[in-house]
Structure formats: structure tokens, C-alpha cells
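Have a look at entry00.csv below; it lists CSV, C-alpha atoms.
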chain,number,residue,atom,x,y,z
A,1,MET,CA,0.0,0.0,0.0
A,2,ARG,CA,1.6,3.2,-1.2
A,3,LEU,CA,0.2,5.8,1.3
A,4,GLY,CA,3.3,8.0,1.6
A,5,LYS,CA,2.4,10.4,-1.2
A,6,PHE,CA,-1.1,10.9,0.3
A,7,LEU,CA,-0.4,11.3,4.0
A,8,PHE,CA,0.3,15.1,4.0
A,9,VAL,CA,-3.0,15.8,2.3
A,10,GLY,CA,-4.9,15.0,5.6
A,11,CYS,CA,-3.8,18.4,6.9
A,12,LEU,CA,-5.3,20.2,3.9
A,13,SER,CA,-8.9,20.3,5.1
A,14,TRP,CA,-8.9,24.0,4.3
A,15,VAL,CA,-8.3,23.4,0.6
A,16,SER,CA,-11.1,24.5,-1.7
A,17,LEU,CA,-12.9,21.6,-3.3
A,18,ALA,CA,-12.0,20.9,-6.9
A,19,SER,CA,-15.7,19.8,-7.3
A,20,HIS,CA,-18.5,22.3,-7.4
A,21,ALA,CA,-19.8,21.4,-4.0
A,22,GLU,CA,-19.0,23.8,-1.2
A,23,THR,CA,-18.1,23.4,2.4
A,24,LEU,CA,-20.5,25.9,3.9
A,25,ASN,CA,-18.9,28.3,6.4
A,26,GLY,CA,-21.0,29.6,9.3
A,27,LEU,CA,-23.4,26.7,9.3
A,28,TYR,CA,-23.6,26.7,13.1
A,29,GLN,CA,-24.0,30.5,13.4
A,30,VAL,CA,-27.5,31.9,13.3
A,31,ARG,CA,-28.8,35.4,13.3
A,32,GLU,CA,-32.4,36.2,14.4
A,33,PRO,CA,-33.8,39.7,14.2
A,34,VAL,CA,-34.7,41.5,17.5
A,35,SER,CA,-36.3,44.8,18.4
A,36,SER,CA,-34.4,45.2,21.7
A,37,GLN,CA,-31.8,43.6,23.9
A,38,ALA,CA,-34.2,42.8,26.7
A,39,PRO,CA,-33.6,39.4,28.3
A,40,GLU,CA,-37.1,38.1,27.4
A,41,GLU,CA,-36.6,38.9,23.8
A,42,ARG,CA,-33.1,37.5,23.8
A,43,ASP,CA,-34.5,34.2,25.1
A,44,GLN,CA,-37.2,34.2,22.4
A,45,ALA,CA,-34.6,34.9,19.7
A,46,THR,CA,-32.4,32.1,21.1
A,47,GLN,CA,-35.3,29.6,20.7
A,48,ARG,CA,-35.9,30.8,17.1
A,49,ALA,CA,-32.2,30.4,16.4
A,50,LEU,CA,-32.3,26.8,17.8
A,51,ALA,CA,-35.3,26.0,15.5
A,52,THR,CA,-33.5,27.6,12.5
A,53,LEU,CA,-30.3,25.6,13.2
A,54,VAL,CA,-32.1,22.2,13.6
A,55,LEU,CA,-34.0,22.8,10.4
A,56,ARG,CA,-30.7,23.7,8.6
A,57,LEU,CA,-29.1,20.4,9.8
A,58,THR,CA,-32.1,18.1,9.3
A,59,GLY,CA,-34.4,19.6,6.7
A,60,ASP,CA,-37.3,18.6,9.1
A,61,ALA,CA,-39.4,21.5,10.4
A,62,LYS,CA,-40.9,19.3,13.1
A,63,ALA,CA,-37.6,18.0,14.4
A,64,VAL,CA,-37.0,20.8,16.9
A,65,ARG,CA,-40.3,20.0,18.7
A,66,GLY,CA,-39.4,16.3,19.2
A,67,ALA,CA,-39.2,14.7,22.6
A,68,GLY,CA,-35.5,14.0,22.1
A,69,LEU,CA,-34.7,17.7,22.1
A,70,ALA,CA,-36.8,18.6,25.2
A,71,ALA,CA,-33.7,19.2,27.4
A,72,ILE,CA,-32.0,21.3,24.7
A,73,ARG,CA,-35.2,23.5,24.2
A,74,LYS,CA,-35.3,24.0,28.0
A,75,ASP,CA,-31.6,25.0,28.2
A,76,PRO,CA,-30.1,25.8,24.8
A,77,GLN,CA,-27.0,27.2,26.5
A,78,GLN,CA,-25.6,23.7,26.7
A,79,ILE,CA,-24.9,23.7,23.0
A,80,ILE,CA,-24.1,27.4,22.6
A,81,SER,CA,-20.5,28.6,22.5
A,82,GLN,CA,-21.3,32.3,22.5
A,83,TYR,CA,-23.8,35.0,21.4
A,84,GLY,CA,-23.9,38.7,20.8
A,85,TYR,CA,-25.7,41.4,19.0
A,86,ASP,CA,-25.3,42.6,15.4
A,87,ALA,CA,-26.3,46.2,14.8
A,88,GLY,CA,-27.5,45.4,11.4
A,89,PRO,CA,-29.7,46.6,9.8
A,90,PRO,CA,-31.7,44.8,10.9
A,91,GLU,CA,-30.5,44.5,14.5
A,92,SER,CA,-30.2,40.8,15.3
A,93,LEU,CA,-29.0,38.3,17.9
A,94,GLN,CA,-26.1,36.2,16.7
A,95,VAL,CA,-25.9,32.8,18.2
A,96,ASP,CA,-22.8,30.6,17.7
A,97,PHE,CA,-23.7,26.9,18.4
A,98,ASP,CA,-20.9,24.4,19.2
A,99,PRO,CA,-20.8,22.0,16.2
A,100,VAL,CA,-19.6,19.0,18.2
A,101,SER,CA,-22.1,19.2,21.1
A,102,THR,CA,-24.9,20.2,18.7
A,103,ASP,CA,-24.4,17.2,16.4
A,104,ARG,CA,-24.1,14.9,19.4
A,105,ALA,CA,-27.4,16.1,20.8
A,106,LEU,CA,-29.2,15.8,17.5
A,107,ARG,CA,-27.9,12.3,16.9
A,108,GLN,CA,-28.8,11.2,20.4
A,109,ALA,CA,-32.3,12.5,19.6
A,110,GLY,CA,-32.3,10.1,16.7
A,111,LEU,CA,-32.3,12.8,14.0
A,112,SER,CA,-30.8,12.6,10.5
A,113,LEU,CA,-28.1,15.2,9.8
A,114,TRP,CA,-27.0,17.0,6.7
A,115,GLY,CA,-23.3,17.9,6.8
A,116,SER,CA,-21.6,21.1,5.9
A,117,ASN,CA,-20.6,19.9,2.4
A,118,ARG,CA,-23.6,21.0,0.2
A,119,PRO,CA,-24.4,21.4,-3.5
A,120,SER,CA,-23.7,24.9,-4.8
A,121,ILE,CA,-26.7,26.6,-6.3
A,122,LEU,CA,-26.7,29.1,-9.1
A,123,GLY,CA,-29.8,31.3,-8.7
A,124,TRP,CA,-31.5,32.9,-11.7
A,125,TRP,CA,-33.9,35.3,-10.0
A,126,LEU,CA,-36.2,37.4,-12.2
A,127,SER,CA,-38.1,40.1,-10.3
A,128,ASP,CA,-41.3,41.8,-11.6
A,129,SER,CA,-42.3,45.0,-9.7
A,130,THR,CA,-44.1,48.2,-10.4
A,131,GLU,CA,-40.8,49.5,-11.6
A,132,GLY,CA,-40.4,46.8,-14.2
A,133,SER,CA,-38.7,43.5,-14.7
A,134,SER,CA,-35.0,42.8,-13.7
A,135,LEU,CA,-32.6,40.0,-13.2
A,136,VAL,CA,-30.9,40.0,-9.8
A,137,GLY,CA,-27.2,40.0,-10.5
A,138,ASP,CA,-24.2,39.4,-8.2
A,139,GLY,CA,-23.1,42.6,-6.5
A,140,GLN,CA,-26.4,44.4,-6.9
A,141,ALA,CA,-28.2,45.9,-3.9
A,142,ASN,CA,-31.2,43.7,-4.5
A,143,ALA,CA,-29.0,40.6,-4.1
A,144,VAL,CA,-28.5,41.3,-0.4
A,145,PRO,CA,-31.9,39.7,0.7
A,146,LEU,CA,-31.1,36.6,-1.4
A,147,ARG,CA,-27.7,36.2,0.2
A,148,ARG,CA,-29.0,36.7,3.7
A,149,ALA,CA,-31.8,34.1,3.1
A,150,ALA,CA,-29.3,31.6,1.7
A,151,GLN,CA,-27.1,32.0,4.8
A,152,HIS,CA,-30.1,31.8,7.0
A,153,ARG,CA,-31.2,28.5,5.4
A,154,GLY,CA,-27.8,27.0,5.1
A,155,LEU,CA,-27.4,27.0,1.3
A,156,PRO,CA,-24.3,28.0,-0.8
A,157,LEU,CA,-26.0,30.3,-3.3
A,158,ARG,CA,-24.3,31.9,-6.2
A,159,LEU,CA,-25.8,34.6,-8.5
A,160,PRO,CA,-25.0,35.3,-12.1
A,161,LEU,CA,-23.3,38.6,-13.1
A,162,GLY,CA,-26.4,39.9,-14.7
A,163,ASP,CA,-24.7,41.2,-17.8
A,164,LEU,CA,-26.5,41.9,-21.1
A,165,SER,CA,-26.0,38.4,-22.5
A,166,GLU,CA,-27.6,36.9,-19.3
A,167,GLN,CA,-30.4,39.4,-19.2
A,168,ILE,CA,-31.3,38.2,-22.7
A,169,VAL,CA,-31.5,34.6,-21.6
A,170,ALA,CA,-33.2,35.2,-18.3
A,171,THR,CA,-36.7,35.9,-19.8
A,172,ALA,CA,-39.9,34.9,-18.1
A,173,PRO,CA,-40.5,32.0,-20.6
A,174,ASN,CA,-37.0,30.6,-19.8
A,175,ILE,CA,-37.3,31.1,-16.1
A,176,GLU,CA,-40.7,29.5,-16.0
A,177,GLY,CA,-40.1,26.8,-18.6
A,178,SER,CA,-39.8,23.1,-18.0
A,179,ASP,CA,-36.7,22.9,-20.2
A,180,PRO,CA,-33.6,24.2,-18.3
A,181,ALA,CA,-31.3,24.0,-21.5
A,182,PRO,CA,-31.1,27.8,-22.1
A,183,LEU,CA,-30.3,28.6,-18.5
A,184,ARG,CA,-27.9,25.6,-18.2
A,185,GLU,CA,-25.9,26.8,-21.2
A,186,ALA,CA,-25.6,30.3,-19.7
A,187,SER,CA,-24.7,28.7,-16.3
A,188,GLU,CA,-21.7,26.7,-17.5
A,189,ARG,CA,-19.1,29.3,-16.7
A,190,TYR,CA,-20.2,29.4,-13.0
A,191,GLY,CA,-19.7,25.6,-12.4
A,192,ALA,CA,-22.5,25.2,-9.9
A,193,ASP,CA,-24.1,21.8,-8.9
A,194,ALA,CA,-27.7,22.9,-9.0
A,195,LEU,CA,-29.7,25.4,-11.1
A,196,LEU,CA,-32.5,27.5,-9.4
A,197,ALA,CA,-34.9,29.5,-11.5
A,198,VAL,CA,-37.2,31.9,-9.7
A,199,HIS,CA,-39.8,34.3,-11.1
A,200,ALA,CA,-40.9,36.7,-8.4
A,201,ARG,CA,-43.9,39.1,-8.8
A,202,GLU,CA,-45.2,42.0,-6.7
A,203,GLU,CA,-49.0,41.7,-6.5
A,204,GLY,CA,-50.6,44.3,-4.3
A,205,SER,CA,-49.1,44.2,-0.9
A,206,GLN,CA,-47.6,40.7,-1.3
A,207,TRP,CA,-44.8,39.1,-3.3
A,208,GLN,CA,-45.3,35.7,-4.9
A,209,ALA,CA,-42.8,33.4,-6.6
A,210,GLN,CA,-42.7,30.2,-8.6
A,211,TRP,CA,-39.4,28.3,-8.4
A,212,ARG,CA,-37.8,25.4,-10.1
A,213,LEU,CA,-34.7,23.5,-9.1
A,214,TRP,CA,-32.6,21.2,-11.2
A,215,LEU,CA,-29.9,19.0,-9.6
A,216,GLY,CA,-28.6,16.6,-12.2
A,217,ASP,CA,-31.5,14.9,-13.9
A,218,GLU,CA,-33.9,15.6,-10.9
A,219,LYS,CA,-36.3,18.5,-10.8
A,220,GLU,CA,-38.2,20.1,-7.9
A,221,GLN,CA,-40.6,23.0,-8.0
A,222,GLY,CA,-43.0,25.0,-5.9
A,223,ALA,CA,-44.7,28.3,-5.2
A,224,VAL,CA,-44.3,30.6,-2.2
A,225,GLN,CA,-45.3,34.1,-1.0
A,226,GLY,CA,-44.0,36.7,1.3
A,227,ALA,CA,-44.7,40.2,2.7
A,228,ASP,CA,-41.6,41.6,1.0
A,229,THR,CA,-38.6,40.5,-1.0
A,230,ALA,CA,-36.6,39.4,2.1
A,231,ALA,CA,-39.5,37.2,3.3
A,232,LEU,CA,-40.0,35.9,-0.2
A,233,ALA,CA,-36.3,35.0,-0.6
A,234,ASP,CA,-36.3,33.2,2.8
A,235,ALA,CA,-39.5,31.2,1.8
A,236,VAL,CA,-37.9,30.1,-1.5
A,237,LEU,CA,-34.7,29.0,0.0
A,238,LEU,CA,-36.4,27.3,2.9
A,239,ALA,CA,-38.4,25.3,0.4
A,240,VAL,CA,-35.3,24.4,-1.6
A,241,SER,CA,-33.4,23.3,1.5
A,242,GLN,CA,-36.3,21.0,2.6
A,243,ARG,CA,-36.3,19.4,-0.8
A,244,LEU,CA,-32.6,18.9,-0.9
A,245,ALA,CA,-32.0,17.7,2.6
A,246,PRO,CA,-33.5,14.2,2.3
A,247,ARG,CA,-31.0,13.4,-0.5
A,248,PHE,CA,-28.0,14.0,1.7
A,249,VAL,CA,-28.9,13.4,5.4
A,250,THR,CA,-27.2,10.6,7.2
A,251,HIS,CA,-29.8,8.5,9.0
A,252,PRO,CA,-28.9,7.1,12.4
A,253,GLY,CA,-29.3,3.3,12.5
A,254,ALA,CA,-30.1,3.1,8.8
A,255,SER,CA,-26.5,3.2,7.7
A,256,SER,CA,-24.3,0.2,7.2
A,257,GLU,CA,-20.5,-0.2,7.1
A,258,GLN,CA,-19.2,-0.9,3.7
A,259,LEU,CA,-16.1,-0.4,1.5
A,260,LEU,CA,-15.9,2.2,-1.2
A,261,GLU,CA,-13.4,2.1,-4.1
A,262,VAL,CA,-12.6,5.2,-6.2
A,263,GLN,CA,-10.5,5.1,-9.3
A,264,GLY,CA,-8.5,7.8,-11.0
A,265,MET,CA,-7.2,9.5,-7.8
A,266,THR,CA,-4.8,12.4,-7.7
A,267,LEU,CA,-3.6,14.6,-4.8
A,268,GLU,CA,-6.2,17.3,-5.6
A,269,ARG,CA,-9.0,14.7,-5.9
A,270,TYR,CA,-7.9,13.2,-2.6
A,271,ALA,CA,-8.6,16.5,-0.8
A,272,THR,CA,-12.0,16.7,-2.5
A,273,LEU,CA,-12.9,13.2,-1.7
A,274,ASP,CA,-11.8,13.6,1.9
A,275,GLN,CA,-14.2,16.5,2.4
A,276,LEU,CA,-17.1,14.8,0.7
A,277,LEU,CA,-16.8,11.7,2.9
A,278,LEU,CA,-16.5,13.5,6.2
A,279,PRO,CA,-20.2,12.9,7.1
A,280,PHE,CA,-19.7,9.1,6.6
A,281,GLY,CA,-16.8,8.7,9.1
A,282,ALA,CA,-14.5,7.5,6.2
A,283,GLN,CA,-11.4,5.5,7.2
A,284,LEU,CA,-8.7,5.0,4.6
A,285,GLN,CA,-8.1,1.3,4.0
A,286,SER,CA,-5.7,1.1,1.0
A,287,VAL,CA,-4.1,2.9,-1.9
A,288,ASP,CA,-2.9,1.1,-5.0
A,289,GLY,CA,-1.8,3.3,-7.9
A,290,ASP,CA,-4.7,5.6,-8.7
A,291,ARG,CA,-7.2,3.5,-6.8
A,292,ILE,CA,-8.2,4.2,-3.2
A,293,VAL,CA,-10.4,2.2,-0.8
A,294,TYR,CA,-12.3,3.7,2.2
A,295,ARG,CA,-14.4,2.1,4.9
A,296,VAL,CA,-17.5,4.3,5.3
A,297,ASN,CA,-20.8,4.3,7.2
A,298,GLY,CA,-23.7,5.2,5.1
A,299,SER,CA,-26.3,3.8,2.7
A,300,ALA,CA,-25.5,3.4,-1.0
A,301,GLU,CA,-28.1,6.0,-1.9
A,302,GLN,CA,-26.6,8.6,0.4
A,303,LEU,CA,-23.1,7.9,-0.9
A,304,ARG,CA,-24.3,8.1,-4.5
A,305,ALA,CA,-25.9,11.5,-3.8
A,306,GLN,CA,-22.8,12.8,-2.1
A,307,LEU,CA,-20.3,11.6,-4.7
A,308,SER,CA,-22.4,13.0,-7.5
A,309,LEU,CA,-21.5,16.5,-6.2
A,310,ALA,CA,-17.9,15.8,-7.4
A,311,LYS,CA,-19.2,14.4,-10.7
A,312,LEU,CA,-17.9,10.9,-9.9
A,313,GLN,CA,-19.5,8.1,-11.9
A,314,GLU,CA,-20.4,4.7,-10.5
A,315,VAL,CA,-18.6,1.8,-12.3
A,316,PRO,CA,-21.1,-0.7,-13.7
A,317,ALA,CA,-21.1,-4.1,-12.2
A,318,GLY,CA,-20.0,-5.7,-15.5
A,319,GLU,CA,-16.9,-3.6,-15.7
A,320,VAL,CA,-16.0,-4.3,-12.1
A,321,GLN,CA,-16.2,-8.0,-12.7
A,322,ALA,CA,-14.1,-7.7,-15.9
A,323,GLN,CA,-11.4,-5.9,-14.0
A,324,GLN,CA,-11.1,-8.8,-11.6
A,325,VAL,CA,-10.8,-11.5,-14.3
A,326,PRO,CA,-7.2,-12.7,-15.1
A,327,VAL,CA,-6.0,-11.4,-18.5
A,328,PRO,CA,-4.1,-14.3,-20.3
A,329,GLY,CA,-0.7,-13.3,-21.6
A,330,GLU,CA,-0.6,-10.0,-19.7
A,331,GLY,CA,0.8,-11.2,-16.4
A,332,GLY,CA,-2.4,-12.5,-14.8
A,333,VAL,CA,-4.5,-10.3,-12.8
A,334,ALA,CA,-4.2,-6.6,-12.0
A,335,PRO,CA,-2.3,-5.6,-8.8
A,336,ALA,CA,-4.3,-6.5,-5.7
A,337,PRO,CA,-5.1,-3.8,-3.1
A,338,ALA,CA,-3.0,-4.2,0.0
A,339,ALA,CA,-5.8,-4.1,2.5
A,340,ALA,CA,-9.1,-4.8,0.9
A,341,PRO,CA,-9.7,-7.5,-1.9
A,342,SER,CA,-11.9,-6.1,-4.7
A,343,SER,CA,-14.5,-8.8,-4.0
A,344,GLU,CA,-15.2,-7.2,-0.6
A,345,VAL,CA,-15.8,-3.7,-2.0
A,346,GLN,CA,-19.5,-2.9,-2.3
A,347,LEU,CA,-19.3,0.4,-4.2
A,348,HIS,CA,-17.0,1.3,-7.1
A,349,PHE,CA,-16.7,4.9,-8.5
A,350,ARG,CA,-14.3,6.7,-10.8
A,351,TRP,CA,-13.5,10.2,-11.8
Using C-alpha cells, write down the structure that the file contains.
Amino acid sequence: MRLGKFLFVGCLSWVSLASHAETLNGLYQVREPVSSQAPEERDQATQRALATLVLRLTGDAKAVRGAGLAAIRKDPQQIISQYGYDAGPPESLQVDFDPVSTDRALRQAGLSLWGSNRPSILGWWLSDSTEGSSLVGDGQANAVPLRRAAQHRGLPLRLPLGDLSEQIVATAPNIEGSDPAPLREASERYGADALLAVHAREEGSQWQAQWRLWLGDEKEQGAVQGADTAALADAVLLAVSQRLAPRFVTHPGASSEQLLEVQGMTLERYATLDQLLLPFGAQLQSVDGDRIVYRVNGSAEQLRAQLSLAKLQEVPAGEVQAQQVPVPGEGGVAPAPAAAPSSEVQLHFRW
């Protein structure tokens, strides 16, 4: 097993992923608006922050009310590292939850968790108001509510530049259409995992929006409303988060230990894979050339969803079997992994 050339990579957890998925910073930091710093309002905001965090990590709006979190609801301070006030606007209470104690408490409550490595989303947001129709572009003032909502709901949101070529593409028919091809072509330069198309309309004193999300070949859609653009953005991204979470959460008790082999490894890809497999407690078993074997805890469906973020492809069973068959006249079989025979590996992927 030739591990030497890989060993130093373990200290590179800060390296940006070569895949499009992002390790979300600030996942355990929550801001909730307040009108004063009175103790009673601080306690209420702390409870809201707890509910927001649990929803971020589980995708389940009912999870925070479960019996398993009764002690945490009664005394949230046991999983809080610090809190303070942000002048804003709006003024808010900032609560920093301790990741280790928070995850432990949620798992002990039997809840499924979604890790910090999440699919990056490119948001095409077309807004119709009394002043006209406009595409929300990166760096514009009207992008601020979208970014705040994305942080609040635990999603890595990117926005297009909003230049003339993109404004031509981001028409109402393309935003509302069932065919994402026009938007996907314009999105290629941003390298995101998922594509979100939103058409927001101001109608009287309310805002309404229809949204569509594409992640690979899968599509989600819905409609929401809000009192203003900030509330509407939060409602859209909350709905998106709740649709995505079930694909990536790790279910307590439902996971099994299995071996995962990945072909086509390089140093850069090792750093990427190491981050992707963090939620599965991955343990390196062997390295043979450009092949690596991990022991992981998770279902095949969860692993497939997570590895798809790095654009890995599953090796068909027929090809796996062919690789294990001796090749006459070419020195017999391929080199055997030092620690895990191929016959024991349950999942095979390649870059």
C-alpha cells in the first residue's frame, strides 16, 4: 500500500474543493432579528435560532419539537458557545452553536443530519415589480436579501453577473419553462451543482414566486409568497433546503458499514474526496496506484448522492467483474489492493 504520497493531504482540510460542492462556512452561526436587547426577547430569539439551526441540519421542520430535544429546548446554552448582538440593519441576535455538542445532541435524539458539504446553487432570480422586470445580479443591492436568506437556510447560493447576455437569456419563458437548457448553457461558466430559477412578482401588498430547481436529472418545483422581497427569498430558499436535505442526510441506525473504491485518484482529488466523505466517518483502507479504498458508514443511496457532487461516476457491475478477471498473456490479474480485496468492495466509483 503506497500511502506516503497521500499522507500530507490530511492536513489540507482548508483546501477548496475541486468539485463544485462547497463546504459551507457559518453553518452553526444563526442570526435572528430583535427589536431590543431585553432578556425576554433574547430568550425568544435564542429559541428561534435553535429552531433555525435544527431545520438547517435536518431539513425537518418538526424535528426541533421532538421529545428527544426537550432538554435542549429548555436549556439551549448547553450547545451554545457564544452569542452577541449585530447592529444590522436589521438588529439581530447572533448565536454561535458548538458543532460537536450540537451534532451529538441531535444524533442522540435520533435525528438525521445533513453535513456542511452541500451542493452549490446558481440562482436565476427574475423580479417583476411596479418599476419593471429585472434579473438579480451578483453585486447588486437587490442581491442582499437573497444572500441573507441563503445563509439563514444553510445553502451555498451563487448569483450570475447579470450582464446583457444573461439578461437576454433570463426571460420569463425561460425562467418558468420546464426545459432548463437555455439557462444551463448560460450557467456553465459558474460551475455550480444545481440550477435554481425563480420568477418573483409583486402583487398588491404581497410578493409571490414560482421556483424550479434542477440537480442533475432531478427536478423540484413549488410556489411561495412573502410580505416583502426578504421574506420571499427566505421562503424560496427554505423550500429548496427542505427538498434537498432528504437526499443528503445521514440516517442514524439506517447506515451500514461498507467499502468504497474510487479510481482515478490524484492529490487534488484526494482532498476533494476527503471532504465529501466527512459525514460518513470515512477511514482510509488502502491505496494502489490511482485506486483508493475507504471504509464508510452510510447507505448506498446517500453515498451516490454525495459523490455526485464531485461528478464521480459509478462503475457498472459488469466492468467491475471484468477488472477482476485474469488477463491471459498479460501477467495474470491486476495488482491486488494491499488491505481490501476487490471482492469485498460494495461500491465502485471513478473520476
Point-to-point distance in Å for atom CA of Ala230 of chain A and atom CA of Ser81 of chain A: 28.1 Å
List every residue of segment 49-131 of chain A that has an atom at most 8 Å from any atom of segment 260-280 of chain A, and for each one report the closest atom pair and its distance in Å to one decimal, counting all atoms listed in the file, with rows sorted by chain and then by increasing residue number, as CSV.
residue,atom,partner,partner_atom,distance
A:Trp114,CA,A:Pro279,CA,8.0
A:Gly115,CA,A:Pro279,CA,5.9
A:Asn117,CA,A:Leu276,CA,6.4
Same residues, C-alpha atoms, saved as an mmCIF file, keeping the file's coordinate frame:
data_model
loop_
_atom_site.group_PDB
_atom_site.id
_atom_site.type_symbol
_atom_site.label_atom_id
_atom_site.label_comp_id
_atom_site.auth_asym_id
_atom_site.auth_seq_id
_atom_site.Cartn_x
_atom_site.Cartn_y
_atom_site.Cartn_z
ATOM 1 C CA TRP A 114 -27.000 17.000 6.700
ATOM 2 C CA GLY A 115 -23.300 17.900 6.800
ATOM 3 C CA ASN A 117 -20.600 19.900 2.400
#
Option closest in space to Asp60 of chain A, from A:Tyr28, A:Ser308, A:Gln37, A:Ser241 [counting all atoms listed in the file]: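 Using all atoms listed in the file, Asp60 of chain A sits closest to A:Ser241.
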Option closest in space to Ala192 of chain A, from A:Gly281, A:Pro246, A:Gly204, A:Gly123 [counting only C-alpha atoms]: A:Gly123
Nearby residues, (-32.6, 35.0, 1.4) file frame, 7 Å, all atoms listed in the file, as JSON, numbers by chain: {"A": [145, 146, 147, 148, 149, 150, 152, 230, 233, 234, 237]}
Exercise: Asp217 of chain A partners within 12 Å, only C-alpha atoms, chain neighbours under 3 positions left out, as a ChimeraX atom specification: /A:179-181,193-195,213-214,220,308
